[in-house]
>>> print(open('entry28.csv').read())   # CSV, C-alpha atoms
chain,number,residue,atom,x,y,z
A,1,MET,CA,14.1,-59.4,-166.2
A,2,ILE,CA,16.4,-61.7,-164.1
A,3,GLU,CA,18.0,-64.8,-165.4
A,4,LEU,CA,20.1,-67.4,-163.7
A,5,GLN,CA,22.1,-69.6,-166.1
A,6,GLN,CA,23.7,-72.8,-165.0
A,7,VAL,CA,24.4,-71.3,-161.6
A,8,ASN,CA,26.4,-73.4,-159.1
A,9,LYS,CA,27.8,-72.7,-155.7
A,10,VAL,CA,30.4,-74.9,-154.1
A,11,TYR,CA,32.0,-73.7,-150.8
A,12,ASP,CA,35.6,-74.2,-149.8
A,13,ASP,CA,34.6,-77.3,-147.6
A,14,GLY,CA,33.2,-79.0,-150.7
A,15,PHE,CA,29.5,-78.4,-149.9
A,16,HIS,CA,27.6,-78.1,-153.2
A,17,ALA,CA,24.9,-75.5,-152.2
A,18,LEU,CA,23.4,-74.9,-155.6
A,19,LYS,CA,23.4,-77.3,-158.6
A,20,ASP,CA,22.8,-76.0,-162.1
A,21,ILE,CA,20.1,-73.5,-161.3
A,22,ASN,CA,18.4,-72.2,-164.4
A,23,LEU,CA,15.6,-69.7,-163.8
A,24,THR,CA,13.9,-66.8,-165.4
A,25,ILE,CA,12.1,-64.3,-163.1
A,26,LYS,CA,9.5,-62.2,-164.9
A,27,LYS,CA,9.4,-58.5,-164.6
A,28,GLY,CA,6.7,-57.1,-162.3
A,29,GLU,CA,5.9,-60.5,-160.7
A,30,LEU,CA,6.3,-61.6,-157.1
A,31,THR,CA,8.3,-64.8,-157.2
A,32,VAL,CA,8.5,-66.9,-154.0
A,33,PHE,CA,11.5,-69.2,-153.4
A,34,ILE,CA,10.4,-71.9,-151.0
A,35,GLY,CA,11.7,-75.1,-149.5
A,36,PRO,CA,13.1,-76.7,-146.3
A,37,SER,CA,16.0,-75.2,-144.4
A,38,GLY,CA,19.3,-75.6,-146.3
A,39,CYS,CA,17.7,-76.1,-149.7
A,40,GLY,CA,19.5,-73.1,-151.2
A,41,LYS,CA,16.6,-70.6,-151.5
A,42,SER,CA,18.4,-67.7,-149.7
A,43,THR,CA,21.7,-68.5,-151.4
A,44,THR,CA,19.9,-68.2,-154.8
A,45,MET,CA,18.3,-64.9,-153.9
A,46,LYS,CA,21.6,-63.4,-152.6
A,47,MET,CA,23.2,-64.2,-155.9
A,48,ILE,CA,21.0,-61.5,-157.4
A,49,ASN,CA,22.6,-58.6,-155.5
A,50,ARG,CA,26.1,-60.3,-155.3
A,51,LEU,CA,26.1,-60.9,-151.6
A,52,ILE,CA,27.1,-64.4,-152.7
A,53,THR,CA,29.1,-65.0,-155.8
A,54,PRO,CA,28.4,-68.1,-158.0
A,55,SER,CA,31.2,-70.7,-158.4
A,56,SER,CA,30.1,-71.0,-162.0
A,57,GLY,CA,27.3,-69.8,-164.2
A,58,LYS,CA,25.8,-66.3,-164.8
A,59,VAL,CA,23.2,-64.0,-163.3
A,60,LEU,CA,21.7,-61.5,-165.7
A,61,ILE,CA,19.5,-58.5,-165.0
A,62,ASN,CA,18.0,-57.0,-168.1
A,63,GLY,CA,20.4,-59.0,-170.2
A,64,LYS,CA,23.5,-57.7,-168.4
A,65,ASP,CA,25.9,-59.9,-166.5
A,66,ILE,CA,25.9,-58.5,-162.9
A,67,SER,CA,29.5,-59.8,-162.4
A,68,GLU,CA,30.6,-57.0,-164.6
A,69,GLN,CA,28.8,-54.3,-162.5
A,70,ASN,CA,30.0,-52.4,-159.4
A,71,PRO,CA,28.5,-54.4,-156.5
A,72,VAL,CA,27.9,-51.2,-154.4
A,73,GLU,CA,26.0,-49.5,-157.2
A,74,LEU,CA,24.1,-52.7,-158.0
A,75,ARG,CA,22.9,-53.0,-154.4
A,76,ARG,CA,21.8,-49.4,-154.2
A,77,ASN,CA,19.4,-50.1,-157.1
A,78,ILE,CA,18.0,-53.3,-155.5
A,79,GLY,CA,15.7,-53.1,-152.4
A,80,TYR,CA,16.5,-55.6,-149.7
A,81,VAL,CA,14.3,-56.6,-146.7
A,82,ILE,CA,15.6,-59.1,-144.1
A,83,GLN,CA,14.0,-61.0,-141.3
A,84,ASN,CA,15.3,-59.0,-138.4
A,85,VAL,CA,14.4,-55.7,-140.1
A,86,GLY,CA,17.8,-54.1,-139.7
A,87,LEU,CA,16.7,-50.6,-138.9
A,88,PHE,CA,19.4,-48.3,-137.5
A,89,PRO,CA,18.4,-47.8,-133.8
A,90,HIS,CA,20.0,-44.3,-133.5
A,91,MET,CA,18.1,-42.9,-136.5
A,92,THR,CA,14.5,-41.7,-136.6
A,93,ILE,CA,12.0,-43.5,-138.8
A,94,ALA,CA,12.2,-40.8,-141.4
A,95,ARG,CA,16.0,-41.0,-141.6
A,96,ASN,CA,15.9,-44.8,-141.7
A,97,VAL,CA,13.5,-44.7,-144.7
A,98,ALA,CA,15.7,-42.1,-146.4
A,99,VAL,CA,19.0,-43.9,-146.2
A,100,VAL,CA,19.3,-45.1,-149.8
A,101,PRO,CA,17.9,-41.8,-151.3
A,102,HIS,CA,20.6,-40.0,-149.3
A,103,LEU,CA,23.3,-42.4,-150.6
A,104,LYS,CA,22.1,-41.7,-154.1
A,105,LYS,CA,22.3,-38.0,-153.4
A,106,TRP,CA,18.7,-37.1,-153.9
A,107,GLU,CA,17.8,-33.5,-153.0
A,108,GLN,CA,16.2,-33.0,-149.6
A,109,ASP,CA,13.0,-31.5,-151.1
A,110,ARG,CA,12.6,-34.8,-153.0
A,111,ILE,CA,13.4,-37.1,-150.1
A,112,GLN,CA,10.9,-35.8,-147.5
A,113,PRO,CA,7.8,-36.1,-149.7
A,114,ARG,CA,8.9,-39.6,-150.7
A,115,VAL,CA,9.3,-40.7,-147.1
A,116,GLU,CA,5.8,-39.3,-146.2
A,117,GLU,CA,4.2,-40.9,-149.3
A,118,LEU,CA,5.6,-44.3,-148.4
A,119,MET,CA,4.6,-44.1,-144.7
A,120,ARG,CA,1.1,-43.3,-145.7
A,121,MET,CA,1.1,-46.3,-148.1
A,122,VAL,CA,1.6,-48.6,-145.2
A,123,ASN,CA,-0.9,-46.8,-142.9
A,124,LEU,CA,1.7,-45.1,-140.7
A,125,ASP,CA,0.9,-41.4,-140.2
A,126,PRO,CA,4.1,-39.4,-140.8
A,127,GLU,CA,3.0,-36.8,-138.3
A,128,VAL,CA,2.8,-39.5,-135.6
A,129,TYR,CA,5.7,-41.8,-136.6
A,130,ARG,CA,8.3,-39.8,-138.6
A,131,ASP,CA,10.3,-38.6,-135.6
A,132,ARG,CA,10.1,-41.8,-133.5
A,133,TYR,CA,12.9,-44.3,-133.2
A,134,PRO,CA,12.7,-48.0,-134.0
A,135,SER,CA,12.5,-49.0,-130.3
A,136,GLU,CA,9.2,-47.1,-130.0
A,137,LEU,CA,7.5,-49.2,-132.7
A,138,SER,CA,6.0,-52.6,-132.5
A,139,GLY,CA,7.6,-55.5,-134.5
A,140,GLY,CA,4.9,-55.3,-137.2
A,141,GLN,CA,5.4,-51.5,-137.5
A,142,GLN,CA,9.2,-51.9,-137.7
A,143,GLN,CA,8.8,-54.5,-140.5
A,144,ARG,CA,6.5,-52.1,-142.4
A,145,ILE,CA,9.3,-49.5,-142.2
A,146,GLY,CA,11.8,-52.2,-143.4
A,147,VAL,CA,9.6,-52.8,-146.5
A,148,ILE,CA,9.1,-49.1,-147.4
A,149,ARG,CA,12.9,-48.4,-146.8
A,150,ALA,CA,13.5,-51.0,-149.6
A,151,LEU,CA,11.0,-49.1,-151.8
A,152,ALA,CA,12.4,-45.6,-151.0
A,153,ALA,CA,14.6,-45.1,-154.0
A,154,ASP,CA,12.0,-46.7,-156.3
A,155,PRO,CA,14.1,-49.8,-157.3
A,156,ASP,CA,12.8,-52.1,-160.0
A,157,ILE,CA,13.9,-55.2,-158.0
A,158,ILE,CA,13.2,-56.0,-154.3
A,159,LEU,CA,14.7,-59.0,-152.4
A,160,MET,CA,12.9,-60.2,-149.3
A,161,ASP,CA,14.5,-62.8,-147.1
A,162,GLU,CA,11.9,-64.4,-144.8
A,163,PRO,CA,10.9,-60.9,-143.8
A,164,PHE,CA,7.8,-61.8,-141.7
A,165,SER,CA,8.9,-65.1,-140.1
A,166,ALA,CA,9.7,-63.6,-136.7
A,167,LEU,CA,6.3,-61.9,-136.3
A,168,ASP,CA,3.2,-63.1,-134.5
A,169,PRO,CA,0.5,-64.7,-136.7
A,170,ILE,CA,-1.8,-61.6,-136.8
A,171,SER,CA,1.0,-59.2,-137.7
A,172,ARG,CA,2.3,-61.6,-140.3
A,173,GLU,CA,-1.0,-62.0,-142.0
A,174,GLN,CA,-1.5,-58.2,-142.0
A,175,LEU,CA,1.9,-57.6,-143.6
A,176,GLN,CA,1.2,-60.3,-146.2
A,177,GLU,CA,-2.0,-58.5,-147.2
A,178,GLU,CA,-0.1,-55.2,-147.1
A,179,LEU,CA,2.6,-56.6,-149.4
A,180,SER,CA,-0.1,-58.0,-151.8
A,181,ARG,CA,-1.8,-54.6,-151.9
A,182,LEU,CA,1.4,-52.7,-152.6
A,183,GLN,CA,2.4,-55.1,-155.3
A,184,GLU,CA,-1.0,-54.6,-157.0
A,185,GLU,CA,-0.2,-50.9,-157.1
A,186,LEU,CA,3.5,-50.8,-157.8
A,187,HIS,CA,4.2,-54.0,-159.9
A,188,LYS,CA,7.8,-54.4,-158.7
A,189,THR,CA,9.9,-57.5,-159.4
A,190,ILE,CA,10.0,-59.1,-156.0
A,191,ILE,CA,11.9,-62.2,-154.9
A,192,PHE,CA,10.5,-63.4,-151.6
A,193,VAL,CA,12.1,-66.3,-149.6
A,194,THR,CA,10.0,-68.3,-147.2
A,195,HIS,CA,9.6,-71.8,-145.8
A,196,ASP,CA,5.9,-71.3,-145.2
A,197,MET,CA,3.7,-72.8,-148.0
A,198,ASP,CA,0.6,-70.9,-146.8
A,199,GLU,CA,2.5,-67.6,-147.2
A,200,ALA,CA,3.7,-68.6,-150.6
A,201,ILE,CA,0.3,-69.5,-151.9
A,202,LYS,CA,-1.2,-66.3,-150.5
A,203,ILE,CA,1.3,-63.8,-152.0
A,204,ALA,CA,3.0,-65.4,-155.0
A,205,ASP,CA,2.5,-65.0,-158.7
A,206,THR,CA,5.1,-67.7,-159.3
A,207,ILE,CA,6.5,-70.3,-156.8
A,208,VAL,CA,9.9,-71.8,-157.1
A,209,MET,CA,10.2,-75.0,-155.1
A,210,MET,CA,13.7,-76.0,-154.0
A,211,LYS,CA,15.3,-79.1,-152.4
A,212,ASP,CA,19.0,-79.9,-151.8
A,213,GLY,CA,20.2,-77.0,-154.0
A,214,GLU,CA,18.0,-77.8,-157.0
A,215,VAL,CA,14.8,-76.4,-158.4
A,216,VAL,CA,12.2,-79.2,-158.3
A,217,GLN,CA,9.2,-77.3,-159.6
A,218,THR,CA,8.1,-73.8,-160.7
A,219,GLY,CA,4.6,-72.5,-161.5
A,220,SER,CA,1.7,-70.6,-160.2
A,221,PRO,CA,0.2,-71.5,-156.8
A,222,GLU,CA,-2.8,-73.0,-158.6
A,223,SER,CA,-0.7,-75.2,-160.9
A,224,ILE,CA,1.5,-76.5,-158.0
A,225,LEU,CA,-1.5,-77.2,-155.8
A,226,ARG,CA,-3.2,-79.1,-158.6
A,227,TYR,CA,-0.2,-80.8,-160.2
A,228,PRO,CA,2.6,-81.4,-157.7
A,229,ALA,CA,5.7,-82.7,-159.5
A,230,ASN,CA,6.6,-85.4,-157.1
A,231,ASP,CA,6.1,-86.8,-153.5
A,232,PHE,CA,8.4,-84.1,-152.0
A,233,VAL,CA,6.2,-81.3,-153.4
A,234,ARG,CA,3.0,-83.1,-152.5
A,235,THR,CA,4.2,-83.6,-148.9
A,236,PHE,CA,5.6,-80.1,-148.6
A,237,ILE,CA,2.3,-78.4,-149.6
A,238,GLY,CA,0.4,-80.6,-147.1
A,239,GLN,CA,-1.6,-82.9,-149.4
A,240,LYS,CA,-1.9,-86.0,-147.3
A,241,ARG,CA,-4.7,-87.8,-149.1
A,242,MET,CA,-5.8,-86.8,-152.6
A,243,GLU,CA,-8.1,-88.7,-154.9
A,244,GLU,CA,-6.9,-90.1,-158.2
A,245,GLY,CA,-9.2,-90.2,-161.2
A,246,PRO,CA,-9.7,-93.2,-163.5
A,247,GLN,CA,-7.0,-94.3,-165.9
A,248,GLY,CA,-4.4,-92.5,-163.9
A,249,GLU,CA,-5.8,-89.0,-164.4
A,250,PRO,CA,-4.0,-86.1,-162.4
A,251,LEU,CA,-4.6,-86.0,-158.7
A,252,ARG,CA,-7.7,-83.9,-157.8
A,253,LEU,CA,-7.6,-81.0,-155.3
A,254,SER,CA,-10.5,-80.8,-152.9
A,255,THR,CA,-13.3,-78.5,-154.0
A,256,VAL,CA,-16.2,-76.8,-152.1
A,257,ASP,CA,-18.4,-79.7,-153.1
A,258,ASP,CA,-16.4,-82.0,-150.8
A,259,VAL,CA,-17.1,-79.9,-147.7
A,260,MET,CA,-20.4,-78.1,-148.2
A,261,VAL,CA,-23.4,-78.6,-145.9
A,262,THR,CA,-26.2,-79.6,-148.3
A,263,GLN,CA,-29.1,-78.7,-146.1
A,264,PRO,CA,-28.3,-75.2,-144.8
A,265,ALA,CA,-30.8,-73.2,-142.7
A,266,THR,CA,-33.1,-71.3,-145.1
A,267,THR,CA,-36.3,-69.3,-145.1
A,268,TYR,CA,-38.6,-67.6,-147.5
A,269,PRO,CA,-38.9,-63.8,-147.9
A,270,SER,CA,-42.5,-63.8,-146.9
A,271,ARG,CA,-41.9,-65.3,-143.5
A,272,GLY,CA,-42.5,-63.1,-140.4
A,273,LEU,CA,-39.7,-62.1,-138.1
A,274,ALA,CA,-40.9,-64.2,-135.2
A,275,GLU,CA,-40.9,-67.2,-137.5
A,276,ALA,CA,-37.3,-66.4,-138.6
A,277,VAL,CA,-36.2,-66.3,-134.9
A,278,LYS,CA,-37.9,-69.7,-134.3
A,279,ILE,CA,-36.1,-71.3,-137.3
A,280,MET,CA,-32.8,-70.0,-136.1
A,281,GLU,CA,-33.4,-71.3,-132.6
A,282,GLY,CA,-34.3,-74.7,-133.9
A,283,ARG,CA,-31.3,-74.9,-136.3
A,284,ARG,CA,-29.0,-73.3,-133.7
A,285,VAL,CA,-27.7,-70.7,-136.2
A,286,ASP,CA,-27.5,-66.9,-136.1
A,287,SER,CA,-28.4,-66.3,-139.8
A,288,LEU,CA,-30.6,-67.8,-142.5
A,289,PHE,CA,-30.3,-67.8,-146.3
A,290,VAL,CA,-33.4,-66.4,-148.0
A,291,VAL,CA,-34.6,-68.4,-151.0
A,292,ASP,CA,-37.7,-68.6,-153.2
A,293,ARG,CA,-39.7,-71.7,-153.9
A,294,PHE,CA,-37.3,-72.7,-156.6
A,295,ARG,CA,-34.4,-72.4,-154.1
A,296,LYS,CA,-33.0,-69.4,-155.9
A,297,LEU,CA,-30.8,-67.5,-153.4
A,298,LEU,CA,-32.2,-64.0,-152.7
A,299,GLY,CA,-30.2,-62.8,-149.7
A,300,ILE,CA,-29.3,-63.5,-146.1
A,301,VAL,CA,-30.8,-62.3,-142.8
A,302,SER,CA,-29.0,-62.3,-139.4
A,303,ILE,CA,-30.5,-62.5,-136.0
A,304,TYR,CA,-29.2,-58.9,-135.3
A,305,ARG,CA,-31.2,-57.4,-138.2
A,306,VAL,CA,-34.3,-59.4,-137.2
A,307,LEU,CA,-34.1,-58.2,-133.6
A,308,ASN,CA,-33.6,-54.6,-134.7
A,309,MET,CA,-36.9,-54.6,-136.5
A,310,PHE,CA,-38.7,-57.2,-134.3
A,311,ASN,CA,-41.2,-54.7,-132.8
A,312,GLU,CA,-42.6,-53.9,-136.2
A,313,GLU,CA,-45.2,-56.7,-136.6
A,314,ASN,CA,-45.9,-56.2,-140.3
A,315,LYS,CA,-42.2,-56.6,-141.3
A,316,THR,CA,-41.1,-59.8,-143.2
A,317,VAL,CA,-37.8,-61.4,-143.8
A,318,GLY,CA,-37.8,-59.9,-147.2
A,319,ASP,CA,-37.9,-56.4,-145.7
A,320,VAL,CA,-34.8,-56.9,-143.5
A,321,MET,CA,-32.6,-59.3,-145.6
A,322,ARG,CA,-29.4,-58.1,-147.2
A,323,PRO,CA,-27.7,-59.1,-150.5
A,324,ILE,CA,-25.2,-61.9,-150.5
A,325,GLY,CA,-21.7,-60.3,-150.7
A,326,TYR,CA,-19.7,-63.4,-151.6
A,327,GLN,CA,-20.5,-66.8,-153.1
A,328,VAL,CA,-18.8,-69.5,-155.0
A,329,ALA,CA,-19.8,-71.9,-157.8
A,330,PRO,CA,-19.7,-75.7,-157.5
A,331,GLY,CA,-16.3,-77.1,-158.4
A,332,THR,CA,-14.4,-74.1,-156.9
A,333,PRO,CA,-11.0,-75.3,-155.5
A,334,LEU,CA,-11.2,-75.4,-151.7
A,335,PRO,CA,-8.1,-73.1,-151.3
A,336,VAL,CA,-9.9,-70.4,-153.3
A,337,ALA,CA,-12.9,-70.5,-150.9
A,338,ILE,CA,-10.6,-70.6,-147.8
A,339,GLU,CA,-8.8,-67.6,-149.0
A,340,MET,CA,-12.0,-65.7,-149.7
A,341,MET,CA,-13.4,-66.5,-146.2
A,342,SER,CA,-10.1,-65.5,-144.6
A,343,ASN,CA,-9.7,-62.3,-146.5
A,344,HIS,CA,-13.2,-61.1,-145.9
A,345,ARG,CA,-13.6,-62.6,-142.4
A,346,LEU,CA,-16.6,-64.7,-143.5
A,347,THR,CA,-18.1,-67.3,-141.1
A,348,ASN,CA,-19.8,-69.1,-144.0
A,349,LEU,CA,-20.0,-69.1,-147.8
A,350,ALA,CA,-22.9,-70.1,-150.1
A,351,VAL,CA,-22.4,-72.5,-153.0
A,352,VAL,CA,-24.6,-71.3,-155.9
A,353,ASP,CA,-25.1,-72.8,-159.4
A,354,ASP,CA,-25.4,-71.0,-162.7
A,355,ASP,CA,-29.1,-70.5,-162.2
A,356,GLY,CA,-28.6,-68.8,-158.8
A,357,ARG,CA,-29.9,-71.8,-156.8
A,358,LEU,CA,-28.5,-72.5,-153.4
A,359,LEU,CA,-26.7,-75.9,-153.5
A,360,GLY,CA,-25.1,-75.8,-150.1
A,361,LEU,CA,-23.1,-73.9,-147.6
A,362,ILE,CA,-19.4,-74.2,-146.5
A,363,THR,CA,-18.6,-73.1,-142.9
A,364,ARG,CA,-15.5,-72.9,-140.8
A,365,GLY,CA,-16.6,-76.1,-139.1
A,366,SER,CA,-17.2,-78.1,-142.2
A,367,ILE,CA,-13.8,-77.0,-143.7
A,368,VAL,CA,-11.9,-77.8,-140.5
A,369,LYS,CA,-13.6,-81.2,-140.3
A,370,HIS,CA,-12.5,-82.0,-143.9
A,371,LEU,CA,-9.0,-80.6,-143.4
A,372,ASN,CA,-8.6,-82.8,-140.3
A,373,GLU,CA,-9.4,-85.8,-142.5
A,374,VAL,CA,-7.5,-84.9,-145.6
A,375,TYR,CA,-4.8,-82.3,-144.7
A,376,PRO,CA,-4.2,-82.9,-140.9
A,377,THR,CA,-0.9,-80.9,-140.8
A,378,ILE,CA,-2.5,-77.6,-141.8
A,379,VAL,CA,-5.7,-77.7,-139.7
A,380,GLU,CA,-4.1,-75.8,-136.8
A,381,GLN,CA,-2.8,-73.0,-139.1
A,382,PHE,CA,-6.2,-72.7,-140.9
A,383,ALA,CA,-8.2,-72.5,-137.7
A,384,SER,CA,-5.8,-69.9,-136.4
A,385,SER,CA,-6.2,-67.8,-139.5
A,386,LEU,CA,-9.9,-67.7,-139.1
A,387,GLY,CA,-9.7,-67.0,-135.3
A,388,GLU,CA,-11.1,-70.4,-134.3
A,389,GLU,CA,-9.7,-73.4,-132.5
A,390,ALA,CA,-9.7,-76.6,-134.6
>>> encode(input="entry28.csv", output="structure tokens")
Amino acid sequence: MIELQQVNKVYDDGFHALKDINLTIKKGELTVFIGPSGCGKSTTMKMINRLITPSSGKVLINGKDISEQNPVELRRNIGYVIQNVGLFPHMTIARNVAVVPHLKKWEQDRIQPRVEELMRMVNLDPEVYRDRYPSELSGGQQQRIGVIRALAADPDIILMDEPFSALDPISREQLQEELSRLQEELHKTIIFVTHDMDEAIKIADTIVMMKDGEVVQTGSPESILRYPANDFVRTFIGQKRMEEGPQGEPLRLSTVDDVMVTQPATTYPSRGLAEAVKIMEGRRVDSLFVVDRFRKLLGIVSIYRVLNMFNEENKTVGDVMRPIGYQVAPGTPLPVAIEMMSNHRLTNLAVVDDDGRLLGLITRGSIVKHLNEVYPTIVEQFASSLGEEA
């Protein structure tokens, strides 16, 4: 889809911003460029819509050299989302979204349905927001409009230059989830620039790590987490203490086995509700995992469900328990479990073997404790994402 071949950028003052960049960006994937400030990630992205021209090398889209294309026409066919949104303050939201379709001379009866369709896609009711102005929207709402404006003319390629970095953590997380959901539906070719590794891991299909104008590693989030190419990558992703296997085997990423509580609070389905309350009180928990005598996990019961049925003396735990919605197997990488807990707002997560037996439980507290020991630089961010102080 997009190829950069031996691309260099040298400015008039002699600064060598990009050095022999060779990249292939796959169609329909979300590719994240990441690295420290000044590494060349935004410069590389801006080569794709000719906002910056290479000193040497080529940029190809669908096999065609973009240097031979009209730059205005090229840009009208590439969506572009920037950090400070860039909405026109004197235009209504509907007119802002419709800017590129108007430039491309779409018929009005095609533009209005498209604007309304896109607003609904990002959960902004057209009846409520269509005729408002940017100043009447929150920062997160404005950025949503910035995203759908880039989608309005249905471009195949969308460039996003640190679009969420100025937002508060809650709005930023919501928009990351919104973008991931939209990408699942639309399968656009998206190039996303960020300096936040957590953001990259959450949204990327492919990560391109950059340093000093060079690409130092590309790969899926999983492969980069498991096999960082060098100390720079290892430090950047926050891996402060990893374990090395025998005979120099690859460094091992932490798994749920490293953090799970091996004696979680449990009960049997035959227990009475008063007994369940007593166990919770003794263990200082608000829920119990329900297991059989072989420790096979049957469900979970919370203090709220118990108290709702407490006056019915003949009820047992088995009558009020609910199925387990989410669980993980032993050996699951810790980032996978963290993402599951964050996405589904879970306070804990059961670790269950192939036979359905409960092996342990990971909690926010057990993860934060482990992260504090192993990855101290990201504890605060993780705790914040779960709504809990580290």
>>> atom_distance(input="entry28.csv", atom1="atom CA of A:Ala153", atom2="atom CA of A:Val100")
6.3 Å
>>> atom_distance(input="entry28.csv", atom1="atom CA of A:Glu177", atom2="atom CA of A:Lys202")
8.5 Å
>>> atom_distance(input="entry28.csv", atom1="atom CA of A:Ala276", atom2="atom CA of A:Ser302")
9.3 Å
>>> residues_around(input="entry28.csv", residues="A:Gly57", least_positions_apart="6", cutoff="10 Å", atoms="all atoms listed in the file", output="VMD selection string")
chain A and resid 4 to 9 20 to 22
>>> closest_residue(input="entry28.csv", among="A:Ile170, A:Leu103, A:Ile78, A:Ala337", to="A:Ile48", atoms="all atoms listed in the file")
A:Ile78
>>> closest_residue(input="entry28.csv", among="A:Pro264, A:Pro335, A:Gly299, A:Pro330", to="A:Leu361", atoms="only C-alpha atoms")
A:Pro264
>>> closest_residue(input="entry28.csv", among="A:Thr43, A:Glu29, A:Arg76, A:Leu137", to="A:Ser180", atoms="only C-alpha atoms")
A:Glu29
>>> closest_residue(input="entry28.csv", among="A:Gly282, A:Leu225, A:Ala166, A:Arg364", to="A:Arg345", atoms="all atoms listed in the file")
A:Arg364
>>> residues_around(input="entry28.csv", residues="A:Thr262", least_positions_apart="3", cutoff="9 Å", atoms="all atoms listed in the file", output="VMD selection string")
chain A and resid 359 to 362
>>> closest_residue(input="entry28.csv", among="A:Gly86, A:Pro134, A:Pro269, A:Gly14", to="A:Asp319", atoms="all atoms listed in the file")
A:Pro269
>>> decode(input="entry28.csv", residues="stretch 255-267 of chain A", atoms="N, CA and C atoms", output="PDB file, in the first residue's frame")
ATOM      1  N   THR A 255       4.166 -13.051  33.104  1.00  0.00           N
ATOM      2  CA  THR A 255       2.871 -13.675  32.814  1.00  0.00           C
ATOM      3  C   THR A 255       1.983 -13.587  34.053  1.00  0.00           C
ATOM      4  N   VAL A 256       0.740 -14.025  33.899  1.00  0.00           N
ATOM      5  CA  VAL A 256      -0.195 -13.989  35.035  1.00  0.00           C
ATOM      6  C   VAL A 256       0.285 -14.868  36.174  1.00  0.00           C
ATOM      7  N   ASP A 257       1.086 -15.895  35.863  1.00  0.00           N
ATOM      8  CA  ASP A 257       1.616 -16.776  36.914  1.00  0.00           C
ATOM      9  C   ASP A 257       2.480 -16.007  37.908  1.00  0.00           C
ATOM     10  N   ASP A 258       3.130 -14.928  37.421  1.00  0.00           N
ATOM     11  CA  ASP A 258       4.039 -14.162  38.269  1.00  0.00           C
ATOM     12  C   ASP A 258       3.305 -13.293  39.283  1.00  0.00           C
ATOM     13  N   VAL A 259       2.040 -13.014  39.046  1.00  0.00           N
ATOM     14  CA  VAL A 259       1.337 -12.044  39.897  1.00  0.00           C
ATOM     15  C   VAL A 259       0.107 -12.613  40.592  1.00  0.00           C
ATOM     16  N   MET A 260      -0.287 -13.844  40.244  1.00  0.00           N
ATOM     17  CA  MET A 260      -1.564 -14.316  40.775  1.00  0.00           C
ATOM     18  C   MET A 260      -1.486 -14.677  42.257  1.00  0.00           C
ATOM     19  N   VAL A 261      -2.597 -14.452  42.923  1.00  0.00           N
ATOM     20  CA  VAL A 261      -2.793 -14.878  44.307  1.00  0.00           C
ATOM     21  C   VAL A 261      -3.204 -16.345  44.254  1.00  0.00           C
ATOM     22  N   THR A 262      -2.450 -17.204  44.907  1.00  0.00           N
ATOM     23  CA  THR A 262      -2.690 -18.647  44.758  1.00  0.00           C
ATOM     24  C   THR A 262      -3.739 -19.199  45.711  1.00  0.00           C
ATOM     25  N   GLN A 263      -4.165 -18.404  46.670  1.00  0.00           N
ATOM     26  CA  GLN A 263      -5.199 -18.858  47.608  1.00  0.00           C
ATOM     27  C   GLN A 263      -6.354 -17.849  47.634  1.00  0.00           C
ATOM     28  N   PRO A 264      -7.078 -17.704  46.510  1.00  0.00           N
ATOM     29  CA  PRO A 264      -8.198 -16.756  46.498  1.00  0.00           C
ATOM     30  C   PRO A 264      -9.344 -17.243  47.380  1.00  0.00           C
ATOM     31  N   ALA A 265     -10.201 -16.331  47.750  1.00  0.00           N
ATOM     32  CA  ALA A 265     -11.354 -16.672  48.586  1.00  0.00           C
ATOM     33  C   ALA A 265     -12.362 -17.457  47.762  1.00  0.00           C
ATOM     34  N   THR A 266     -12.690 -18.679  48.227  1.00  0.00           N
ATOM     35  CA  THR A 266     -13.606 -19.549  47.497  1.00  0.00           C
ATOM     36  C   THR A 266     -14.685 -20.085  48.428  1.00  0.00           C
ATOM     37  N   THR A 267     -15.713 -20.656  47.808  1.00  0.00           N
ATOM     38  CA  THR A 267     -16.768 -21.332  48.556  1.00  0.00           C
ATOM     39  C   THR A 267     -17.357 -22.419  47.670  1.00  0.00           C
TER      40      THR A 267
END
